[in-house]
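Participant: Structure file data_1.cif (mmCIF, C-alpha atoms and all ligand atoms) is given on the next line.
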```
data_structure
#
loop_
_atom_site.label_atom_id
_atom_site.label_comp_id
_atom_site.auth_asym_id
_atom_site.auth_seq_id
_atom_site.Cartn_x
_atom_site.Cartn_y
_atom_site.Cartn_z
CA MET A 26 0.00 0.00 0.00
CA SER A 27 2.47 2.58 -1.21
CA GLY A 28 -0.19 5.32 -1.29
CA ILE A 29 -0.38 5.31 2.49
CA VAL A 30 2.93 7.06 3.03
CA ARG A 31 2.05 9.81 0.57
CA ALA A 32 -1.37 10.62 2.00
CA ASP A 33 -1.89 13.22 4.74
CA ALA A 34 -4.67 11.06 6.20
CA ILE A 35 -6.07 7.56 5.85
CA VAL A 36 -9.78 6.90 6.06
CA ALA A 37 -10.52 3.21 6.56
CA GLY A 38 -14.11 2.28 5.70
CA ALA A 39 -16.25 4.07 3.11
CA GLY A 40 -19.68 4.09 4.73
CA PHE A 41 -21.36 7.37 5.66
CA TRP A 42 -19.00 7.95 8.56
CA GLY A 43 -15.82 7.42 6.54
CA CYS A 44 -17.02 9.31 3.46
CA THR A 45 -18.07 12.30 5.58
CA VAL A 46 -14.70 12.42 7.34
CA ALA A 47 -12.86 11.98 4.01
CA ARG A 48 -14.77 14.82 2.40
CA ARG A 49 -14.12 17.16 5.32
CA LEU A 50 -10.42 16.35 5.32
CA ALA A 51 -10.21 16.87 1.56
CA GLU A 52 -11.98 20.21 1.79
CA ALA A 53 -9.54 21.22 4.52
CA GLY A 54 -6.76 20.70 1.98
CA ARG A 55 -5.54 17.28 3.12
CA LYS A 56 -4.64 14.50 0.66
CA VAL A 57 -6.81 11.58 1.71
CA LEU A 58 -6.50 7.91 0.93
CA VAL A 59 -9.77 6.02 1.46
CA LEU A 60 -9.34 2.28 1.99
CA GLU A 61 -12.48 0.17 1.74
CA ALA A 62 -12.39 -3.53 2.61
CA ARG A 63 -15.30 -4.44 0.34
CA GLY A 64 -15.37 -4.24 -3.46
CA ALA A 65 -17.45 -1.04 -3.44
CA VAL A 66 -18.01 2.07 -1.34
CA GLY A 67 -21.21 2.90 0.58
CA GLY A 68 -20.95 0.53 3.53
CA ASN A 69 -24.25 -0.99 4.53
CA VAL A 70 -26.15 1.57 2.51
CA ARG A 71 -24.83 0.10 -0.74
CA CYS A 72 -27.48 -0.59 -3.38
CA GLU A 73 -27.62 -2.33 -6.73
CA ALA A 74 -29.91 -1.34 -9.58
CA ASP A 75 -31.65 -4.36 -11.11
CA PRO A 76 -30.67 -4.26 -14.81
CA GLU A 77 -34.07 -5.47 -16.00
CA THR A 78 -36.51 -3.36 -14.00
CA GLY A 79 -34.28 -0.52 -12.79
CA ILE A 80 -35.37 -1.22 -9.21
CA GLU A 81 -32.83 -0.03 -6.64
CA VAL A 82 -32.18 -3.00 -4.34
CA HIS A 83 -30.82 -2.09 -0.90
CA LEU A 84 -28.29 -4.89 -0.43
CA TYR A 85 -28.18 -4.73 3.37
CA GLY A 86 -31.85 -4.06 4.09
CA SER A 87 -34.09 -1.03 3.57
CA HIS A 88 -32.50 2.34 4.19
CA ILE A 89 -34.64 5.46 4.52
CA PHE A 90 -32.87 8.72 5.16
CA HIS A 91 -34.46 10.75 7.93
CA THR A 92 -33.20 13.46 10.25
CA HIS A 93 -34.11 16.55 12.20
CA ASP A 94 -30.50 17.68 12.36
CA MET A 95 -30.13 20.68 10.05
CA ALA A 96 -26.32 20.42 9.93
CA VAL A 97 -26.62 16.83 8.65
CA TRP A 98 -29.37 17.78 6.21
CA ASN A 99 -27.39 20.71 4.81
CA PHE A 100 -24.35 18.50 4.43
CA ILE A 101 -26.06 15.60 2.65
CA ARG A 102 -28.05 17.95 0.42
CA ARG A 103 -24.79 19.06 -1.15
CA PHE A 104 -24.57 15.60 -2.70
CA THR A 105 -28.16 14.70 -3.51
CA GLU A 106 -31.77 15.69 -3.97
CA PHE A 107 -34.34 13.62 -2.08
CA ASN A 108 -37.51 12.26 -3.62
CA GLY A 109 -39.93 13.17 -0.81
CA TYR A 110 -40.66 9.55 0.13
CA GLN A 111 -42.26 9.30 3.60
CA HIS A 112 -41.83 5.95 5.33
CA LYS A 113 -44.79 3.93 6.54
CA VAL A 114 -44.53 0.44 7.97
CA LEU A 115 -47.34 -2.08 8.05
CA ALA A 116 -47.63 -5.08 10.35
CA ASN A 117 -49.04 -8.41 9.27
CA TYR A 118 -50.55 -10.28 12.21
CA LYS A 119 -52.44 -13.46 11.45
CA GLY A 120 -52.98 -12.32 7.86
CA LYS A 121 -54.47 -8.94 8.78
CA ILE A 122 -52.69 -5.70 7.99
CA TYR A 123 -52.24 -2.89 10.53
CA TYR A 124 -50.47 0.46 10.41
CA LEU A 125 -47.53 0.84 12.75
CA PRO A 126 -46.45 2.53 14.98
CA LEU A 127 -48.83 1.98 17.89
CA GLY A 128 -51.54 4.62 17.51
CA LEU A 129 -55.18 5.20 16.76
CA ALA A 130 -55.13 3.42 13.39
CA LEU A 131 -53.70 0.19 14.82
CA ILE A 132 -55.65 0.17 18.08
CA ASN A 133 -59.03 0.96 16.54
CA LYS A 134 -58.66 -1.75 13.89
CA PHE A 135 -57.25 -4.37 16.25
CA PHE A 136 -59.94 -3.98 18.92
CA GLY A 137 -62.77 -2.93 16.59
CA VAL A 138 -63.27 0.30 18.57
CA GLU A 139 -63.55 3.95 17.58
CA LEU A 140 -61.25 5.70 20.04
CA LYS A 141 -60.65 9.40 19.53
CA PRO A 142 -57.60 11.51 20.34
CA GLY A 143 -57.34 11.85 24.12
CA GLU A 144 -58.77 8.38 24.80
CA VAL A 145 -55.77 6.17 24.01
CA ALA A 146 -53.78 6.50 27.24
CA ASP A 147 -56.63 5.33 29.48
CA PHE A 148 -57.52 2.51 27.10
CA MET A 149 -53.94 1.23 27.12
CA LYS A 150 -53.73 1.42 30.92
CA ASP A 151 -56.09 -1.55 30.97
CA GLU A 152 -53.77 -4.56 31.34
CA ARG A 153 -55.93 -6.69 29.00
CA HIS A 154 -55.48 -4.20 26.16
CA SER A 155 -51.76 -3.66 26.61
CA SER A 156 -51.15 -7.42 26.94
CA ALA A 157 -53.12 -8.17 23.78
CA ILE A 158 -51.11 -5.56 21.85
CA PHE A 159 -47.86 -6.87 23.28
CA ASP A 160 -48.68 -10.47 22.35
CA ALA A 161 -49.76 -9.62 18.80
CA PHE A 162 -47.18 -7.04 17.73
CA PHE A 163 -44.16 -7.16 20.04
CA ARG A 164 -43.63 -10.56 21.64
CA GLY A 165 -43.10 -12.64 18.48
CA TYR A 166 -41.27 -9.95 16.53
CA THR A 167 -38.85 -9.19 19.36
CA SER A 168 -38.21 -12.88 19.96
CA LYS A 169 -37.27 -13.36 16.29
CA GLN A 170 -35.16 -10.22 16.23
CA TRP A 171 -33.10 -11.18 19.28
CA GLY A 172 -33.23 -14.99 19.00
CA LYS A 173 -35.14 -15.61 22.22
CA ALA A 174 -38.17 -17.75 23.01
CA PRO A 175 -41.39 -15.67 23.01
CA GLU A 176 -41.87 -16.45 26.75
CA GLU A 177 -38.51 -14.82 27.47
CA ILE A 178 -39.58 -11.44 26.14
CA ASP A 179 -40.32 -9.14 29.04
CA PRO A 180 -43.97 -7.96 28.79
CA SER A 181 -43.09 -4.75 30.61
CA ILE A 182 -41.42 -3.43 27.44
CA ILE A 183 -44.88 -2.50 26.23
CA LYS A 184 -44.94 0.22 28.92
CA ARG A 185 -41.96 1.88 27.25
CA VAL A 186 -43.37 1.75 23.72
CA PRO A 187 -44.55 5.24 22.73
CA VAL A 188 -48.25 5.34 21.90
CA ARG A 189 -49.50 7.93 19.43
CA ASP A 190 -52.73 9.60 20.31
CA ASN A 191 -53.54 10.32 16.66
CA TYR A 192 -53.67 8.82 13.16
CA ASP A 193 -50.11 9.81 12.25
CA VAL A 194 -48.73 6.69 10.58
CA ASN A 195 -45.48 8.25 9.43
CA TYR A 196 -42.97 5.76 10.86
CA PHE A 197 -40.31 8.34 11.71
CA LYS A 198 -40.91 11.58 13.55
CA ASP A 199 -38.31 13.38 11.45
CA TYR A 200 -39.86 15.70 8.92
CA LEU A 201 -36.70 15.75 6.77
CA GLN A 202 -36.97 12.42 5.03
CA GLY A 203 -36.63 10.64 1.72
CA ILE A 204 -34.59 8.47 -0.61
CA PRO A 205 -31.81 10.02 -2.72
CA ALA A 206 -33.34 10.84 -6.09
CA ASP A 207 -30.59 9.12 -8.11
CA GLY A 208 -30.04 6.37 -5.56
CA TYR A 209 -27.66 5.96 -2.65
CA ASN A 210 -24.59 4.90 -4.64
CA ALA A 211 -24.49 8.23 -6.44
CA VAL A 212 -24.35 10.03 -3.08
CA PHE A 213 -21.17 8.20 -2.07
CA ASP A 214 -19.61 8.68 -5.50
CA ARG A 215 -20.19 12.44 -5.23
CA MET A 216 -18.92 12.65 -1.66
CA LEU A 217 -15.68 11.00 -2.73
CA ASP A 218 -15.35 12.90 -5.98
CA HIS A 219 -12.73 15.44 -4.90
CA PRO A 220 -9.24 16.05 -6.27
CA ASN A 221 -7.74 15.41 -2.82
CA ILE A 222 -9.38 11.99 -2.42
CA GLU A 223 -8.05 8.70 -3.70
CA VAL A 224 -10.17 5.58 -3.15
CA LYS A 225 -9.02 1.98 -3.03
CA VAL A 226 -11.55 -0.83 -2.76
CA ASN A 227 -10.79 -4.42 -1.75
CA ALA A 228 -8.22 -2.73 0.48
CA PRO A 229 -8.74 -3.61 4.14
CA PHE A 230 -6.78 -1.49 6.56
CA ALA A 231 -4.76 -3.24 9.27
CA LEU A 232 -2.96 -1.70 12.22
CA GLN A 233 0.44 -2.65 10.83
CA ASP A 234 -0.29 -0.37 7.81
CA MET A 235 -0.25 2.64 10.11
CA ALA A 236 2.55 5.11 9.43
CA ASP A 237 2.73 8.79 10.38
CA ALA A 238 -0.52 9.86 8.74
CA PRO A 239 -3.56 9.97 11.04
CA VAL A 240 -6.06 7.16 10.52
CA TYR A 241 -9.82 7.51 10.73
CA TYR A 242 -11.11 3.96 11.08
CA SER A 243 -14.74 2.80 10.91
CA GLY A 244 -14.31 -0.97 10.71
CA PRO A 245 -15.03 -3.23 13.71
CA ILE A 246 -12.98 -2.12 16.70
CA ASP A 247 -12.27 -5.71 17.84
CA ALA A 248 -11.02 -6.66 14.33
CA LEU A 249 -8.50 -3.81 14.50
CA PHE A 250 -6.82 -5.50 17.45
CA GLY A 251 -7.01 -9.04 16.05
CA TYR A 252 -9.87 -9.90 18.46
CA LYS A 253 -7.24 -10.28 21.15
CA PHE A 254 -9.78 -9.97 23.99
CA GLY A 255 -12.45 -11.95 22.11
CA HIS A 256 -15.23 -11.11 19.64
CA LEU A 257 -17.82 -8.47 20.37
CA PRO A 258 -21.25 -10.13 19.91
CA TRP A 259 -23.66 -9.09 17.14
CA ARG A 260 -26.96 -10.13 15.63
CA THR A 261 -26.72 -10.86 11.95
CA LEU A 262 -29.33 -10.89 9.18
CA ARG A 263 -29.94 -13.18 6.26
CA PHE A 264 -31.72 -11.82 3.21
CA GLU A 265 -33.60 -13.80 0.55
CA THR A 266 -34.20 -11.75 -2.56
CA GLU A 267 -36.74 -12.78 -5.16
CA THR A 268 -37.96 -11.29 -8.43
CA ILE A 269 -41.68 -11.88 -8.81
CA GLY A 270 -43.72 -11.55 -12.00
CA VAL A 271 -46.31 -9.16 -10.60
CA LYS A 272 -46.42 -5.38 -10.78
CA ASP A 273 -46.97 -4.95 -7.04
CA PHE A 274 -46.55 -7.66 -4.41
CA GLN A 275 -47.57 -6.04 -1.13
CA GLY A 276 -48.56 -2.47 -2.01
CA THR A 277 -45.95 -0.85 0.22
CA SER A 278 -42.22 -0.89 0.95
CA VAL A 279 -42.06 -2.77 4.27
CA VAL A 280 -44.37 -5.20 6.03
CA ASN A 281 -43.34 -6.55 9.44
CA TYR A 282 -44.45 -10.10 10.24
CA THR A 283 -45.07 -10.03 13.96
CA GLU A 284 -45.92 -13.68 14.70
CA ALA A 285 -43.14 -15.89 16.08
CA GLU A 286 -44.28 -18.75 13.82
CA ILE A 287 -43.37 -16.88 10.61
CA PRO A 288 -39.58 -17.22 10.36
CA TYR A 289 -38.78 -13.88 8.73
CA THR A 290 -39.19 -10.52 10.44
CA ARG A 291 -40.15 -8.42 7.42
CA ILE A 292 -40.55 -8.24 3.67
CA HIS A 293 -39.09 -5.31 1.76
CA GLU A 294 -40.43 -4.39 -1.69
CA PHE A 295 -37.99 -1.91 -3.14
CA LYS A 296 -39.88 -0.30 -6.02
CA HIS A 297 -42.08 1.53 -3.49
CA TYR A 298 -39.12 3.64 -2.42
CA HIS A 299 -39.26 5.48 -5.73
CA PRO A 300 -42.93 6.29 -6.38
CA GLU A 301 -41.76 9.18 -8.58
CA LEU A 302 -40.24 6.74 -11.12
CA ALA A 303 -43.23 5.84 -13.28
CA GLY A 304 -41.23 3.35 -15.38
CA VAL A 305 -40.05 1.43 -12.33
CA MET A 306 -43.47 1.48 -10.67
CA SER A 307 -45.25 0.17 -13.76
CA ALA A 308 -42.69 -2.58 -14.52
CA PRO A 309 -44.53 -5.92 -14.67
CA LYS A 310 -42.05 -7.35 -12.16
CA THR A 311 -41.13 -6.52 -8.62
CA ILE A 312 -38.27 -7.41 -6.26
CA VAL A 313 -38.92 -8.46 -2.69
CA MET A 314 -36.52 -9.36 0.07
CA ARG A 315 -37.35 -11.47 3.11
CA GLU A 316 -35.29 -10.60 6.18
CA TYR A 317 -34.32 -13.24 8.75
CA SER A 318 -32.55 -12.41 11.99
CA ALA A 319 -29.92 -14.85 13.28
CA ALA A 320 -27.19 -15.34 15.86
CA TRP A 321 -23.88 -13.97 14.68
CA LYS A 322 -20.69 -15.99 14.42
CA PRO A 323 -17.25 -14.87 13.25
CA GLY A 324 -17.33 -14.37 9.49
CA ASP A 325 -20.99 -13.23 9.39
CA GLU A 326 -21.95 -9.63 8.63
CA PRO A 327 -22.38 -7.72 11.91
CA TYR A 328 -25.71 -5.83 11.95
CA TYR A 329 -26.96 -5.10 15.46
CA PRO A 330 -24.63 -4.83 18.48
CA VAL A 331 -25.78 -6.86 21.48
CA ASP A 332 -25.87 -4.61 24.51
CA CYS A 333 -25.06 -6.63 27.66
CA ASP A 334 -22.58 -6.49 30.57
CA GLU A 335 -20.04 -8.70 28.77
CA SER A 336 -20.09 -6.70 25.54
CA ARG A 337 -19.77 -3.41 27.42
CA ALA A 338 -16.76 -4.72 29.35
CA LEU A 339 -15.14 -6.01 26.16
CA LEU A 340 -15.79 -2.76 24.34
CA GLY A 341 -14.16 -0.87 27.21
CA LYS A 342 -10.99 -2.93 26.79
CA TYR A 343 -10.80 -2.31 23.05
CA ARG A 344 -11.42 1.40 23.57
CA GLU A 345 -8.51 1.53 26.01
CA GLU A 346 -6.30 -0.09 23.36
CA ALA A 347 -7.41 2.39 20.73
CA ALA A 348 -6.79 5.34 23.06
CA LYS A 349 -3.13 4.28 23.39
CA ILE A 350 -2.51 4.81 19.68
CA PRO A 351 -1.75 8.40 18.74
CA ASN A 352 -3.29 9.60 15.48
CA LEU A 353 -6.02 6.96 15.50
CA VAL A 354 -9.68 7.97 15.49
CA VAL A 355 -12.23 5.14 15.66
CA GLY A 356 -15.85 5.82 14.74
CA GLY A 357 -18.98 4.76 12.88
CA ARG A 358 -21.34 1.95 13.82
CA LEU A 359 -18.67 -0.79 13.72
CA GLY A 360 -15.92 1.22 15.37
CA GLY A 361 -18.29 2.57 18.01
CA TYR A 362 -20.10 -0.78 18.40
CA LYS A 363 -23.32 1.18 18.45
CA TYR A 364 -26.46 1.26 16.34
CA PHE A 365 -26.41 4.49 14.36
CA ASP A 366 -28.99 5.74 11.92
CA MET A 367 -27.41 7.24 8.82
CA ASP A 368 -27.90 10.80 10.03
CA GLN A 369 -26.30 9.95 13.38
CA SER A 370 -23.33 8.45 11.60
CA ILE A 371 -22.93 11.63 9.54
CA ALA A 372 -23.43 13.82 12.64
CA ALA A 373 -20.73 11.88 14.48
CA ALA A 374 -18.38 12.30 11.52
CA LEU A 375 -19.12 16.03 11.34
CA ALA A 376 -18.09 16.27 15.00
CA VAL A 377 -14.72 14.58 14.47
CA GLU A 378 -11.82 16.94 15.06
CA ILE A 379 -9.74 17.12 11.91
C1 LIG B 401 -30.92 -3.71 8.77
C2 LIG B 401 -30.58 -2.26 8.94
C3 LIG B 401 -31.41 -1.28 8.41
C4 LIG B 401 -31.09 0.05 8.56
N1 LIG B 401 -31.96 1.00 8.09
C5 LIG B 401 -31.70 2.29 8.30
C6 LIG B 401 -32.63 3.29 7.87
O1 LIG B 401 -33.70 3.00 7.32
N2 LIG B 401 -32.31 4.60 8.09
C7 LIG B 401 -31.14 4.97 8.71
O2 LIG B 401 -30.91 6.16 8.87
N3 LIG B 401 -30.23 4.05 9.10
C8 LIG B 401 -30.49 2.71 8.91
N4 LIG B 401 -29.58 1.78 9.31
C9 LIG B 401 -28.28 2.22 9.85
C10 LIG B 401 -27.21 2.43 8.74
O3 LIG B 401 -26.94 1.20 8.09
C11 LIG B 401 -25.93 2.99 9.39
O4 LIG B 401 -26.23 4.22 9.99
C12 LIG B 401 -24.79 3.25 8.45
O5 LIG B 401 -24.49 2.13 7.68
C13 LIG B 401 -23.58 3.64 9.28
O6 LIG B 401 -22.50 3.99 8.45
P1 LIG B 401 -21.03 3.68 8.94
O7 LIG B 401 -20.13 4.38 8.00
O8 LIG B 401 -20.90 3.96 10.38
O9 LIG B 401 -20.89 2.07 8.81
P2 LIG B 401 -20.92 1.11 7.56
O10 LIG B 401 -21.96 1.52 6.59
O11 LIG B 401 -20.98 -0.27 8.09
O12 LIG B 401 -19.49 1.35 6.88
C14 LIG B 401 -18.30 0.79 7.42
C15 LIG B 401 -17.41 0.41 6.27
O13 LIG B 401 -16.13 0.01 6.77
C16 LIG B 401 -15.65 -1.06 5.95
N5 LIG B 401 -14.58 -1.74 6.69
C17 LIG B 401 -14.69 -2.63 7.69
N6 LIG B 401 -13.47 -2.99 8.12
C18 LIG B 401 -12.56 -2.33 7.35
C19 LIG B 401 -11.14 -2.30 7.30
N7 LIG B 401 -10.39 -3.01 8.14
N8 LIG B 401 -10.55 -1.52 6.37
C20 LIG B 401 -11.29 -0.79 5.50
N9 LIG B 401 -12.64 -0.79 5.50
C21 LIG B 401 -13.28 -1.55 6.43
C22 LIG B 401 -16.90 -1.89 5.71
O14 LIG B 401 -16.73 -2.73 4.61
C23 LIG B 401 -17.93 -0.79 5.46
O15 LIG B 401 -17.99 -0.44 4.11
C24 LIG B 401 -29.88 0.44 9.23
C25 LIG B 401 -29.04 -0.55 9.74
C26 LIG B 401 -29.40 -1.86 9.65
C27 LIG B 401 -28.52 -2.90 10.30
#
```
Is it possible to give me this structure as structure tokens?
Facilitator:
Amino acid sequence: MSGIVRADAIVAGAGFWGCTVARRLAEAGRKVLVLEARGAVGGNVRCEADPETGIEVHLYGSHIFHTHDMAVWNFIRRFTEFNGYQHKVLANYKGKIYYLPLGLALINKFFGVELKPGEVADFMKDERHSSAIFDAFFRGYTSKQWGKAPEEIDPSIIKRVPVRDNYDVNYFKDYLQGIPADGYNAVFDRMLDHPNIEVKVNAPFALQDMADAPVYYSGPIDALFGYKFGHLPWRTLRFETETIGVKDFQGTSVVNYTEAEIPYTRIHEFKHYHPELAGVMSAPKTIVMREYSAAWKPGDEPYYPVDCDESRALLGKYREEAAKIPNLVVGGRLGGYKYFDMDQSIAAALAVEI
């Protein structure tokens, strides 16, 4: 990796965190070498356009951009327009479809009542109602997501689930929301398109590659130290993608399957993320992806960090190791061992001292 010695800074990992840091460094006049372990940039937001239908397939699960952070919004808007898509999620329970999140639309349909705003809190205080909602929409889904038996899921979590006292079925509260108009890949290409940035793919960074230039690393923190204290635990996902010969399979982008008996957690149907693309929407085929959650083992893709006493202790040890190395900044969802939405990953990268 001869480029390393010539660069003023190394950015390892080209997801949103790494690309944001790289762009900031480049604009500050630094020569930046971006090393990405995979064969393409974009991290877990990477997409692939289906050559036949033009449908943008999100390779690592559905990604909807949403934020209320104006600094993040102003930054990302330099690299893309958004299409105005507003995310809604449906739940399929025993073959019936309900609007999530928990609010008037779901409650009134599920119980066959006609509650009005102001009446939900009292209704949900009744243990029979909250238990029925928990059993139908949370117990099975959570057990699949975290690999536990349904009986092990603590019913008291329902008390912490926010309940909307209205018919707002917008999944996210953030009003700044959408899908990049020309797709996610174009956003990363534009972020990295700067005369001071050189990108190498299939180029994993390892600690022994470190020279004098500062390194901004967003790969897994335990991998950086050869897992010397052990592996941080993750949940992984398995995706089954299928092209189906119908124009519209489920009428929306995401349906959660909340029963424990159905092995997948959700079905994504990607064409619905671009309702503005008439050609894509009217294509006689559609692409769906079933998402299965599974226990992680070394070699699997890490998706969700598992927050527990052991993982916190292990993370602490790796952080101490990282702090001993001058000129090393570790960040992003893998480096931080933390679930980040895309906007949080960008916000964290905007806060990095460069
Ligand atoms: C299933 C799922 C759905 C999600 N949906 C949403 C959503 O709808 N909206 C939202 O805002 N967020 C969503 N997110 C979160 C989103 O994926 C993250 O916020 C985002 O990917 C974080 O970017 P990052 O740069 O921190 O990490 P990543 O995207 O993981 O990028 C890290 C990069 O580092 C590379 N790398 C690893 N090791 C090395 C190494 N040694 N050398 C060089 N490169 C290396 C990896 O290959 C990867 O490209 C979702 C996450 C999951 C798991």
Participant: With all atoms listed in the file as the atoms that count, which of A:Val36, A:Val280, A:Leu125, A:Val46 lies nearest to Ser370 of chain A?
Facilitator: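 Closest candidate: A:Val46.
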Participant: May I have the residues at most 10 Å from (-14.9, -0.4, -5.8) in the file's coordinates, counting only C-alpha atoms, as a tab-separated table (two decimals) with C-alpha atoms, in the coordinates of the input?
Facilitator:
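Result saved to out.tsv:
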```
chain	number	residue	atom	x	y	z
A	60	LEU	CA	-9.34	2.28	1.99
A	61	GLU	CA	-12.48	0.17	1.74
A	62	ALA	CA	-12.39	-3.53	2.61
A	63	ARG	CA	-15.30	-4.44	0.34
A	64	GLY	CA	-15.37	-4.24	-3.46
A	65	ALA	CA	-17.45	-1.04	-3.44
A	66	VAL	CA	-18.01	2.07	-1.34
A	67	GLY	CA	-21.21	2.90	0.58
A	224	VAL	CA	-10.17	5.58	-3.15
A	225	LYS	CA	-9.02	1.98	-3.03
A	226	VAL	CA	-11.55	-0.83	-2.76
A	227	ASN	CA	-10.79	-4.42	-1.75
A	228	ALA	CA	-8.22	-2.73	0.48
```
Participant: How many Å lie between atom CA of Tyr200 of chain A and atom CA of Leu140 of chain A, rounded to one decimal?
Facilitator: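 Separation of atom CA of Tyr200 of chain A and atom CA of Leu140 of chain A: 26.1 Å.
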Participant: Name each residue within 7 Å of ligand LIG 401 (chain B), counting all atoms listed in the file, as a ChimeraX atom specification.
Facilitator: /A:37-43,60-63,66-70,85-91,228-231,243-245,249,328-329,356-359,364-370
Participant: How far is it from atom CA of Arg260 of chain A to atom CA of Tyr289 of chain A, in Å with one decimal?
Facilitator: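 Distance between the two atoms: 14.2 Å.
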Participant: Tell me which protein, DNA and RNA residues are within 9 Å of segment 176-185 of chain A, counting only C-alpha atoms, leaving out same-chain ones fewer than 2 positions away, and put them as a PyMOL selection string.
Facilitator: chain A and resi 155-156+158-160+163-165+167-168+173-174+187-188
Participant: May I have the residues at most 6 Å from (-35.3, -12.1, 2.2) in the file's coordinates, counting all atoms listed in the file, as number ranges by chain?
Facilitator: A: 264-266, 314-316
Participant: Can you pull out every residue within 12 Å of Ile101 of chain A, counting all atoms listed in the file, but drop anything in the same chain fewer than 4 positions away, and send it as a PyMOL selection string?
Facilitator: chain A and resi 41-42+44-45+48+90-92+94-97+105-107+201-205+209+211-213+215-216+367-368+370-372+375
Participant: Show which residues sit within 10 Å of His256 of chain A, as a PDB file with C-alpha atoms, in the frame of the given file. Count only C-alpha atoms, and ignore same-chain residues fewer than 3 positions away.
Facilitator:
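What follows is the written file out-v4.pdb:
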```
ATOM      1  CA  PRO A 245     -15.030  -3.230  13.710  1.00  0.00           C
ATOM      2  CA  ILE A 246     -12.980  -2.120  16.700  1.00  0.00           C
ATOM      3  CA  ASP A 247     -12.270  -5.710  17.840  1.00  0.00           C
ATOM      4  CA  ALA A 248     -11.020  -6.660  14.330  1.00  0.00           C
ATOM      5  CA  GLY A 251      -7.010  -9.040  16.050  1.00  0.00           C
ATOM      6  CA  TYR A 252      -9.870  -9.900  18.460  1.00  0.00           C
ATOM      7  CA  LYS A 253      -7.240 -10.280  21.150  1.00  0.00           C
ATOM      8  CA  TRP A 259     -23.660  -9.090  17.140  1.00  0.00           C
ATOM      9  CA  LYS A 322     -20.690 -15.990  14.420  1.00  0.00           C
ATOM     10  CA  PRO A 323     -17.250 -14.870  13.250  1.00  0.00           C
ATOM     11  CA  SER A 336     -20.090  -6.700  25.540  1.00  0.00           C
ATOM     12  CA  LEU A 339     -15.140  -6.010  26.160  1.00  0.00           C
ATOM     13  CA  LEU A 340     -15.790  -2.760  24.340  1.00  0.00           C
TER      14      LEU A 340
END
```
Participant: Leaving out Glu73 of chain A and any residue of its chain fewer than 6 positions from it, which residues lie within 8 Å of it when counting all atoms listed in the file, given as an NGL selection string?
Facilitator: :A and (81-84)
Participant: Write out as a PyMOL selection string the residues lying within 8 Å of Pro126 of chain A, counting only C-alpha atoms and excluding same-chain residues fewer than 4 positions away.
Facilitator: chain A and resi 114+131+188-189+194+196
Participant: Identify which of the residues A:Asn281, A:Gly276, A:Tyr192, A:Tyr242 lies closest to Val354 of chain A, counting only C-alpha atoms when measuring atom-to-atom distances.
Facilitator: A:Tyr242
Participant: Quick one, how far is atom CA of Ile312 of chain A from atom CA of Arg263 of chain A?
Facilitator: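 Taking atom CA of Ile312 of chain A and atom CA of Arg263 of chain A, their separation equals 16.1 Å.
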Participant: With only C-alpha atoms as the basis for distance, which of A:Tyr110, A:Phe197, A:Tyr362, A:Pro300 is at the shortest distance from Arg337 of chain A?
Facilitator: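 Once distances to Arg337 of chain A are computed over only C-alpha atoms, the minimum belongs to A:Tyr362.
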